file work.csv (CSV, C-alpha atoms and all ligand atoms)
chain,number,residue,atom,x,y,z
A,219,MET,CA,22.4,23.4,2.2
A,220,ARG,CA,22.7,27.1,2.8
A,221,ASN,CA,24.1,28.5,6.0
A,222,PRO,CA,20.9,29.6,7.9
A,223,LYS,CA,22.6,32.9,8.8
A,224,ASP,CA,22.3,33.9,5.1
A,225,LEU,CA,18.7,33.0,4.5
A,226,ASP,CA,16.6,31.4,7.2
A,227,ASP,CA,13.0,30.2,6.8
A,228,ARG,CA,11.6,33.2,8.6
A,229,ARG,CA,13.2,35.7,6.3
A,230,LEU,CA,12.3,33.7,3.2
A,231,ILE,CA,8.6,33.6,4.1
A,232,ALA,CA,8.5,37.3,5.1
A,233,GLU,CA,10.2,38.3,1.8
A,234,LEU,CA,7.9,36.0,-0.3
A,235,ARG,CA,4.8,37.4,1.4
A,236,ALA,CA,5.9,40.9,0.8
A,237,MET,CA,6.6,40.2,-2.9
A,238,VAL,CA,3.5,38.3,-3.9
A,239,ARG,CA,1.3,40.9,-2.1
A,240,GLN,CA,2.2,43.3,-5.0
A,241,PHE,CA,0.4,41.1,-7.5
A,242,ASP,CA,-3.2,40.3,-7.9
A,243,GLU,CA,-2.5,36.6,-8.6
A,244,SER,CA,-3.9,33.6,-6.8
A,245,THR,CA,-3.3,30.0,-7.6
A,246,ALA,CA,-6.0,27.8,-9.1
A,247,LEU,CA,-6.0,25.7,-6.0
A,248,ALA,CA,-6.3,28.6,-3.7
A,249,GLN,CA,-9.3,29.8,-5.8
A,250,VAL,CA,-10.9,26.3,-5.5
A,251,ARG,CA,-10.2,26.3,-1.8
A,252,GLU,CA,-11.9,29.7,-1.3
A,253,ARG,CA,-14.8,29.2,-3.7
A,254,GLN,CA,-15.6,25.7,-2.8
A,255,LYS,CA,-15.2,26.2,1.0
A,256,LYS,CA,-12.3,23.7,1.2
A,257,ASP,CA,-14.5,20.9,-0.2
A,258,PRO,CA,-11.9,18.0,-0.3
A,259,PHE,CA,-13.6,16.3,-3.3
A,260,LYS,CA,-13.3,19.5,-5.4
A,261,VAL,CA,-9.8,20.2,-4.2
A,262,LEU,CA,-8.7,16.6,-5.1
A,263,ILE,CA,-10.4,16.6,-8.6
A,264,ALA,CA,-9.1,20.1,-9.4
A,265,THR,CA,-5.6,19.1,-8.4
A,266,VAL,CA,-5.7,16.1,-10.8
A,267,LEU,CA,-7.0,18.4,-13.5
A,268,SER,CA,-4.1,20.9,-12.8
A,269,GLN,CA,-1.5,18.3,-13.7
A,270,ARG,CA,0.5,19.4,-16.7
A,271,THR,CA,-1.5,22.5,-17.5
A,272,ARG,CA,-1.7,26.2,-16.6
A,273,ASP,CA,-3.8,27.6,-13.7
A,274,GLU,CA,-6.3,29.4,-16.0
A,275,ASN,CA,-7.1,26.1,-17.7
A,276,THR,CA,-7.6,24.3,-14.4
A,277,THR,CA,-10.0,27.0,-13.3
A,278,ARG,CA,-12.1,26.8,-16.5
A,279,ALA,CA,-12.2,23.0,-16.5
A,280,SER,CA,-13.0,22.8,-12.7
A,281,ASN,CA,-15.8,25.4,-12.9
A,282,SER,CA,-17.5,23.6,-15.8
A,283,LEU,CA,-17.1,20.2,-14.2
A,284,PHE,CA,-18.4,21.2,-10.7
A,285,SER,CA,-21.4,23.1,-12.1
A,286,GLU,CA,-22.8,19.7,-13.2
A,287,TYR,CA,-21.0,17.2,-11.0
A,288,PRO,CA,-20.4,18.7,-7.5
A,289,THR,CA,-20.0,15.4,-5.6
A,290,ALA,CA,-18.4,12.0,-6.0
A,291,GLU,CA,-21.8,10.4,-6.4
A,292,ALA,CA,-22.7,12.7,-9.3
A,293,LEU,CA,-19.4,12.3,-11.0
A,294,ALA,CA,-19.3,8.5,-10.6
A,295,LYS,CA,-22.6,8.3,-12.6
A,296,ALA,CA,-21.6,10.8,-15.3
A,297,ARG,CA,-21.4,10.1,-19.0
A,298,ILE,CA,-17.7,10.0,-20.0
A,299,ARG,CA,-18.3,12.2,-23.1
A,300,ASP,CA,-19.8,14.9,-21.1
A,301,VAL,CA,-17.0,14.8,-18.5
A,302,GLU,CA,-14.4,14.9,-21.4
A,303,ARG,CA,-16.2,18.0,-22.9
A,304,ARG,CA,-16.1,19.8,-19.5
A,305,VAL,CA,-12.5,19.0,-18.6
A,306,LYS,CA,-11.1,19.6,-22.2
A,307,PRO,CA,-9.5,23.0,-21.3
A,308,SER,CA,-7.2,21.2,-18.9
A,309,GLY,CA,-5.6,19.1,-21.7
A,310,PHE,CA,-5.1,15.3,-21.8
A,311,TYR,CA,-8.9,15.2,-21.4
A,312,HIS,CA,-9.5,11.6,-22.5
A,313,VAL,CA,-7.2,10.3,-19.7
A,314,LYS,CA,-8.2,12.9,-17.1
A,315,ALA,CA,-11.9,12.3,-17.6
A,316,ARG,CA,-11.5,8.6,-17.0
A,317,LYS,CA,-9.2,8.9,-14.1
A,318,ILE,CA,-11.4,11.4,-12.2
A,319,ARG,CA,-14.5,9.3,-12.8
A,320,GLU,CA,-12.6,6.3,-11.5
A,321,ILE,CA,-11.5,8.3,-8.4
A,322,ALA,CA,-15.2,9.2,-7.8
A,323,ARG,CA,-16.2,5.6,-8.0
A,324,ILE,CA,-13.5,4.5,-5.6
A,325,LEU,CA,-14.4,7.2,-3.1
A,326,LEU,CA,-18.0,5.9,-3.2
A,327,GLU,CA,-17.0,2.3,-2.8
A,328,ARG,CA,-14.4,2.7,-0.1
A,329,TYR,CA,-15.1,5.9,1.7
A,330,GLU,CA,-18.9,6.6,1.3
A,331,GLY,CA,-18.1,9.4,-1.1
A,332,ARG,CA,-15.6,11.2,1.2
A,333,VAL,CA,-12.0,12.0,0.5
A,334,PRO,CA,-9.6,10.3,2.9
A,335,SER,CA,-7.2,12.6,4.8
A,336,LYS,CA,-4.3,10.3,5.2
A,337,MET,CA,-1.3,10.3,2.8
A,338,GLU,CA,-1.2,6.5,2.3
A,339,GLU,CA,-4.9,6.3,1.4
A,340,LEU,CA,-4.7,9.3,-1.0
A,341,LEU,CA,-1.7,7.7,-2.8
A,342,GLU,CA,-3.8,4.6,-3.6
A,343,LEU,CA,-6.1,6.7,-5.8
A,344,PRO,CA,-5.5,6.8,-9.6
A,345,SER,CA,-3.4,9.8,-10.8
A,346,VAL,CA,-2.6,10.8,-7.2
A,347,GLY,CA,1.2,11.1,-6.4
A,348,ARG,CA,2.9,12.9,-3.6
A,349,LYS,CA,2.3,16.4,-5.0
A,350,THR,CA,-1.4,15.9,-5.5
A,351,ALA,CA,-1.8,14.2,-2.1
A,352,ASN,CA,0.1,17.0,-0.4
A,353,CYS,CA,-2.1,19.6,-2.1
A,354,VAL,CA,-5.2,17.8,-0.8
A,355,LEU,CA,-3.7,17.7,2.8
A,356,VAL,CA,-2.9,21.5,2.6
A,357,TYR,CA,-5.7,23.0,0.6
A,358,ALA,CA,-8.6,20.8,1.8
A,359,PHE,CA,-7.7,19.6,5.3
A,360,GLY,CA,-5.3,22.4,6.4
A,361,LYS,CA,-2.7,19.8,7.4
A,362,PRO,CA,1.0,20.7,7.3
A,363,ALA,CA,2.5,19.3,4.1
A,364,ILE,CA,4.8,20.6,1.3
A,365,PRO,CA,3.4,20.1,-2.2
A,366,VAL,CA,6.3,20.5,-4.6
A,367,ASP,CA,5.3,21.4,-8.2
A,368,THR,CA,7.6,22.8,-10.9
A,369,HIS,CA,7.5,26.3,-9.4
A,370,VAL,CA,8.4,25.2,-5.9
A,371,HIS,CA,11.2,22.9,-7.3
A,372,ARG,CA,12.7,25.6,-9.5
A,373,VAL,CA,12.5,28.5,-7.0
A,374,SER,CA,14.0,26.4,-4.1
A,375,ASN,CA,16.9,25.3,-6.2
A,376,ARG,CA,17.6,28.7,-7.7
A,377,LEU,CA,17.7,30.2,-4.2
A,378,GLY,CA,20.0,27.5,-3.1
A,379,ILE,CA,18.0,26.4,-0.1
A,380,VAL,CA,17.9,22.9,-1.6
A,381,HIS,CA,20.1,21.2,-4.2
A,382,THR,CA,18.0,18.5,-5.8
A,383,LYS,CA,17.2,16.7,-9.0
A,384,ASN,CA,13.5,16.0,-8.5
A,385,PRO,CA,10.4,17.2,-6.6
A,386,GLU,CA,10.6,14.3,-4.1
A,387,GLU,CA,14.1,15.3,-3.0
A,388,THR,CA,13.0,18.9,-2.9
A,389,GLU,CA,10.1,18.0,-0.6
A,390,GLU,CA,12.5,16.1,1.7
A,391,GLN,CA,15.1,18.9,1.9
A,392,LEU,CA,12.5,21.7,2.3
A,393,SER,CA,11.0,19.8,5.2
A,394,HIS,CA,14.4,20.2,7.0
A,395,PHE,CA,14.8,23.8,6.0
A,396,LEU,CA,11.3,25.0,6.8
A,397,ASP,CA,9.8,25.1,10.3
A,398,LYS,CA,6.5,23.2,10.1
A,399,ALA,CA,4.6,26.4,10.9
A,400,TYR,CA,5.3,27.5,7.3
A,401,TRP,CA,4.5,24.3,5.4
A,402,ILE,CA,0.8,25.2,4.8
A,403,GLU,CA,1.6,28.4,2.9
A,404,ILE,CA,4.9,27.6,1.2
A,405,ASN,CA,3.3,26.1,-1.9
A,406,GLU,CA,1.0,29.1,-2.5
A,407,LEU,CA,3.7,31.6,-1.9
A,408,MET,CA,6.3,29.9,-4.2
A,409,VAL,CA,3.8,29.2,-7.0
A,410,GLU,CA,2.7,32.9,-7.0
A,411,PHE,CA,6.3,34.0,-6.8
A,412,GLY,CA,7.3,31.6,-9.6
A,413,LYS,CA,4.5,32.9,-11.9
A,414,THR,CA,5.2,36.6,-11.3
A,415,ILE,CA,8.9,37.2,-10.4
A,416,CYS,CA,11.0,34.0,-10.4
A,417,ARG,CA,9.6,33.0,-13.8
A,418,PRO,CA,10.9,29.9,-15.6
A,419,ILE,CA,12.4,32.0,-18.4
A,420,GLY,CA,13.5,35.6,-17.7
A,421,PRO,CA,13.3,35.7,-13.9
A,422,ARG,CA,12.9,39.3,-12.7
A,423,CYS,CA,15.9,39.3,-10.4
A,424,ASP,CA,16.1,43.1,-10.6
A,425,ILE,CA,13.0,43.5,-8.5
A,426,CYS,CA,13.5,40.5,-6.3
A,427,ARG,CA,14.0,41.2,-2.6
A,428,LEU,CA,16.0,38.0,-2.3
A,429,ASN,CA,18.5,38.7,-5.1
A,430,ARG,CA,21.5,39.3,-2.7
A,431,LEU,CA,20.9,35.9,-1.1
A,432,CYS,CA,20.2,33.9,-4.2
A,433,ASP,CA,22.6,31.3,-5.7
A,434,TYR,CA,21.2,31.9,-9.2
A,435,THR,CA,22.2,35.6,-9.3
A,436,ARG,CA,25.6,34.8,-7.6
A,437,ASN,CA,26.3,32.2,-10.3
A,438,GLU,CA,25.1,34.5,-13.1
A,439,LYS,CA,27.4,37.3,-11.8
A,440,SER,CA,30.4,35.0,-11.6
A,441,LEU,CA,29.7,33.7,-15.1
A,442,LEU,CA,29.6,37.3,-16.4
A,443,GLN,CA,32.9,38.1,-14.6
A,444,LYS,CA,34.6,35.1,-16.1
A,445,ARG,CA,33.5,36.2,-19.6
A,446,THR,CA,34.7,39.8,-19.3
A,501,LIG,S1,17.0,36.6,-7.5
A,501,LIG,FE1,16.1,35.9,-9.4
A,501,LIG,S2,16.5,33.7,-9.5
A,501,LIG,FE2,16.8,34.4,-7.4
A,501,LIG,S3,14.9,34.0,-6.4
A,501,LIG,FE3,14.9,36.1,-7.1
A,501,LIG,S4,13.9,36.1,-9.1
A,501,LIG,FE4,14.5,34.0,-8.6

call {"tool": "encode", "arguments": {"input": "work.csv", "output": "structure tokens", "more": "lines below"}}
Ligand code: SF4
result
Amino acid sequence: MRNPKDLDDRRLIAELRAMVRQFDESTALAQVRERQKKDPFKVLIATVLSQRTRDENTTRASNSLFSEYPTAEALAKARIRDVERRVKPSGFYHVKARKIREIARILLERYEGRVPSKMEELLELPSVGRKTANCVLVYAFGKPAIPVDTHVHRVSNRLGIVHTKNPEETEEQLSHFLDKAYWIEINELMVEFGKTICRPIGPRCDICRLNRLCDYTRNEKSLLQKRT
């Protein structure tokens, strides 16, 4: 892992905050959290809908779904065709519609319609892995956790604050690098940063405030020097 003298967690968070402030972007989950007043049911269902799709599709599908089915009780009784129609913008809608209705039924049976706030209980729900469970802990319950999606995984590895092959390893290494005080905001910051500056293709390293400390730019430079 990187020498903390180069880039420590405090500096990382300060630079990310400064960079994302320039853009009028907010993540789909941050929007659900604000609009739905941290309703854990809506955060959970929106996070499942966000799997393997873009933020704008998650927002469209969630808004349509929650306008008709705002609670676990309502969704558990819904007709599957109508649920499919509403979540269609999020992709994989046959599977997602069935999974979210099943989640609603389990919440009713086991938790009186409420979403549990413990990692182990969340992981027992269909379509809920560590990333989704961590999102619910952070965005609905305000508990310190590190949801690692494709943006968080890519940005952390490019910077060189982790060296990992999968999101689970990234979560583990980030939890050592970052003080717990920063866990709540790291997902939102890195997702916004990953969508606007550290993009998957064509990262905007020229305007990035971290470019002198980033492994990706160092490696690119040494590759260029070798070629010339
Ligand atoms: S310098 Fe480039 S690769 Fe490194 S964090 Fe910034 S945008 Fe991403």

call {"tool": "atom_distance", "arguments": {"input": "work.csv", "atom1": "atom CA of Arg372 of chain A", "atom2": "atom S4 of ligand LIG 501 (chain A)"}}
result
10.6 Å

call {"tool": "closest_residue", "arguments": {"input": "work.csv", "among": "A:Ser335, A:Ser282, A:Trp401, A:Val238", "to": "ligand LIG 501 (chain A)", "atoms": "all atoms listed in the file"}}
result
A:Val238

call {"tool": "atom_distance", "arguments": {"input": "work.csv", "atom1": "atom CA of Phe284 of chain A", "atom2": "atom CA of Glu338 of chain A"}}
result
26.1 Å

call {"tool": "residues_near_ligand", "arguments": {"input": "work.csv", "ligand": "ligand LIG 501 (chain A)", "cutoff": "12 Å", "atoms": "all atoms listed in the file", "output": "number ranges by chain"}}
result
A: 225, 230, 233-234, 237-238, 369-379, 408-439

call {"tool": "residues_around", "arguments": {"input": "work.csv", "residues": "Arg303 of chain A", "least_positions_apart": "5", "cutoff": "10 Å", "atoms": "all atoms listed in the file", "output": "number ranges by chain"}}
result
A: 279, 282-283, 298, 311-312, 315

call {"tool": "closest_residue", "arguments": {"input": "work.csv", "among": "A:Asn384, A:Thr368, A:Thr277, A:Thr271", "to": "Ala248 of chain A", "atoms": "all atoms listed in the file"}}
result
A:Thr277

call {"tool": "atom_distance", "arguments": {"input": "work.csv", "atom1": "atom CA of Lys256 of chain A", "atom2": "atom CA of Lys295 of chain A"}}
result
23.1 Å

call {"tool": "residues_near_point", "arguments": {"input": "work.csv", "point": "(-13.1, 18.4, -3.9)", "cutoff": "10 Å", "atoms": "all atoms listed in the file", "output": "VMD selection string"}}
result
chain A and resid 250 to 251 254 to 265 280 284 288 to 290 332 to 333 354 357 to 358

call {"tool": "closest_residue", "arguments": {"input": "work.csv", "among": "A:Gly347, A:Asp367, A:Ser285, A:Glu327", "to": "Ile404 of chain A", "atoms": "all atoms listed in the file"}}
result
A:Asp367

call {"tool": "build_atoms", "arguments": {"input": "work.csv", "residues": "segment 230-241 of chain A", "atoms": "N, CA and C atoms", "output": "PDB file, keeping the file's coordinate frame"}}
result
ATOM      1  N   LEU A 230      12.842  34.092   4.559  1.00  0.00           N
ATOM      2  CA  LEU A 230      12.300  33.700   3.200  1.00  0.00           C
ATOM      3  C   LEU A 230      10.818  33.905   3.151  1.00  0.00           C
ATOM      4  N   ILE A 231      10.083  33.453   4.160  1.00  0.00           N
ATOM      5  CA  ILE A 231       8.600  33.600   4.100  1.00  0.00           C
ATOM      6  C   ILE A 231       8.217  35.059   4.156  1.00  0.00           C
ATOM      7  N   ALA A 232       8.888  35.852   4.976  1.00  0.00           N
ATOM      8  CA  ALA A 232       8.500  37.300   5.100  1.00  0.00           C
ATOM      9  C   ALA A 232       8.757  37.962   3.712  1.00  0.00           C
ATOM     10  N   GLU A 233       9.865  37.666   3.050  1.00  0.00           N
ATOM     11  CA  GLU A 233      10.200  38.300   1.800  1.00  0.00           C
ATOM     12  C   GLU A 233       9.175  37.821   0.682  1.00  0.00           C
ATOM     13  N   LEU A 234       8.879  36.538   0.687  1.00  0.00           N
ATOM     14  CA  LEU A 234       7.900  36.000  -0.300  1.00  0.00           C
ATOM     15  C   LEU A 234       6.553  36.657  -0.116  1.00  0.00           C
ATOM     16  N   ARG A 235       6.127  36.732   1.126  1.00  0.00           N
ATOM     17  CA  ARG A 235       4.800  37.400   1.400  1.00  0.00           C
ATOM     18  C   ARG A 235       4.784  38.792   0.877  1.00  0.00           C
ATOM     19  N   ALA A 236       5.857  39.526   1.171  1.00  0.00           N
ATOM     20  CA  ALA A 236       5.900  40.900   0.800  1.00  0.00           C
ATOM     21  C   ALA A 236       5.870  41.047  -0.771  1.00  0.00           C
ATOM     22  N   MET A 237       6.579  40.145  -1.452  1.00  0.00           N
ATOM     23  CA  MET A 237       6.600  40.200  -2.900  1.00  0.00           C
ATOM     24  C   MET A 237       5.325  39.848  -3.581  1.00  0.00           C
ATOM     25  N   VAL A 238       4.711  38.761  -3.159  1.00  0.00           N
ATOM     26  CA  VAL A 238       3.500  38.300  -3.900  1.00  0.00           C
ATOM     27  C   VAL A 238       2.312  39.234  -3.581  1.00  0.00           C
ATOM     28  N   ARG A 239       2.396  39.968  -2.461  1.00  0.00           N
ATOM     29  CA  ARG A 239       1.300  40.900  -2.100  1.00  0.00           C
ATOM     30  C   ARG A 239       1.140  41.976  -3.230  1.00  0.00           C
ATOM     31  N   GLN A 240       2.228  42.270  -3.949  1.00  0.00           N
ATOM     32  CA  GLN A 240       2.200  43.300  -5.000  1.00  0.00           C
ATOM     33  C   GLN A 240       1.338  42.913  -6.187  1.00  0.00           C
ATOM     34  N   PHE A 241       1.098  41.625  -6.333  1.00  0.00           N
ATOM     35  CA  PHE A 241       0.400  41.100  -7.500  1.00  0.00           C
ATOM     36  C   PHE A 241      -0.967  40.620  -7.193  1.00  0.00           C
TER      37      PHE A 241
END
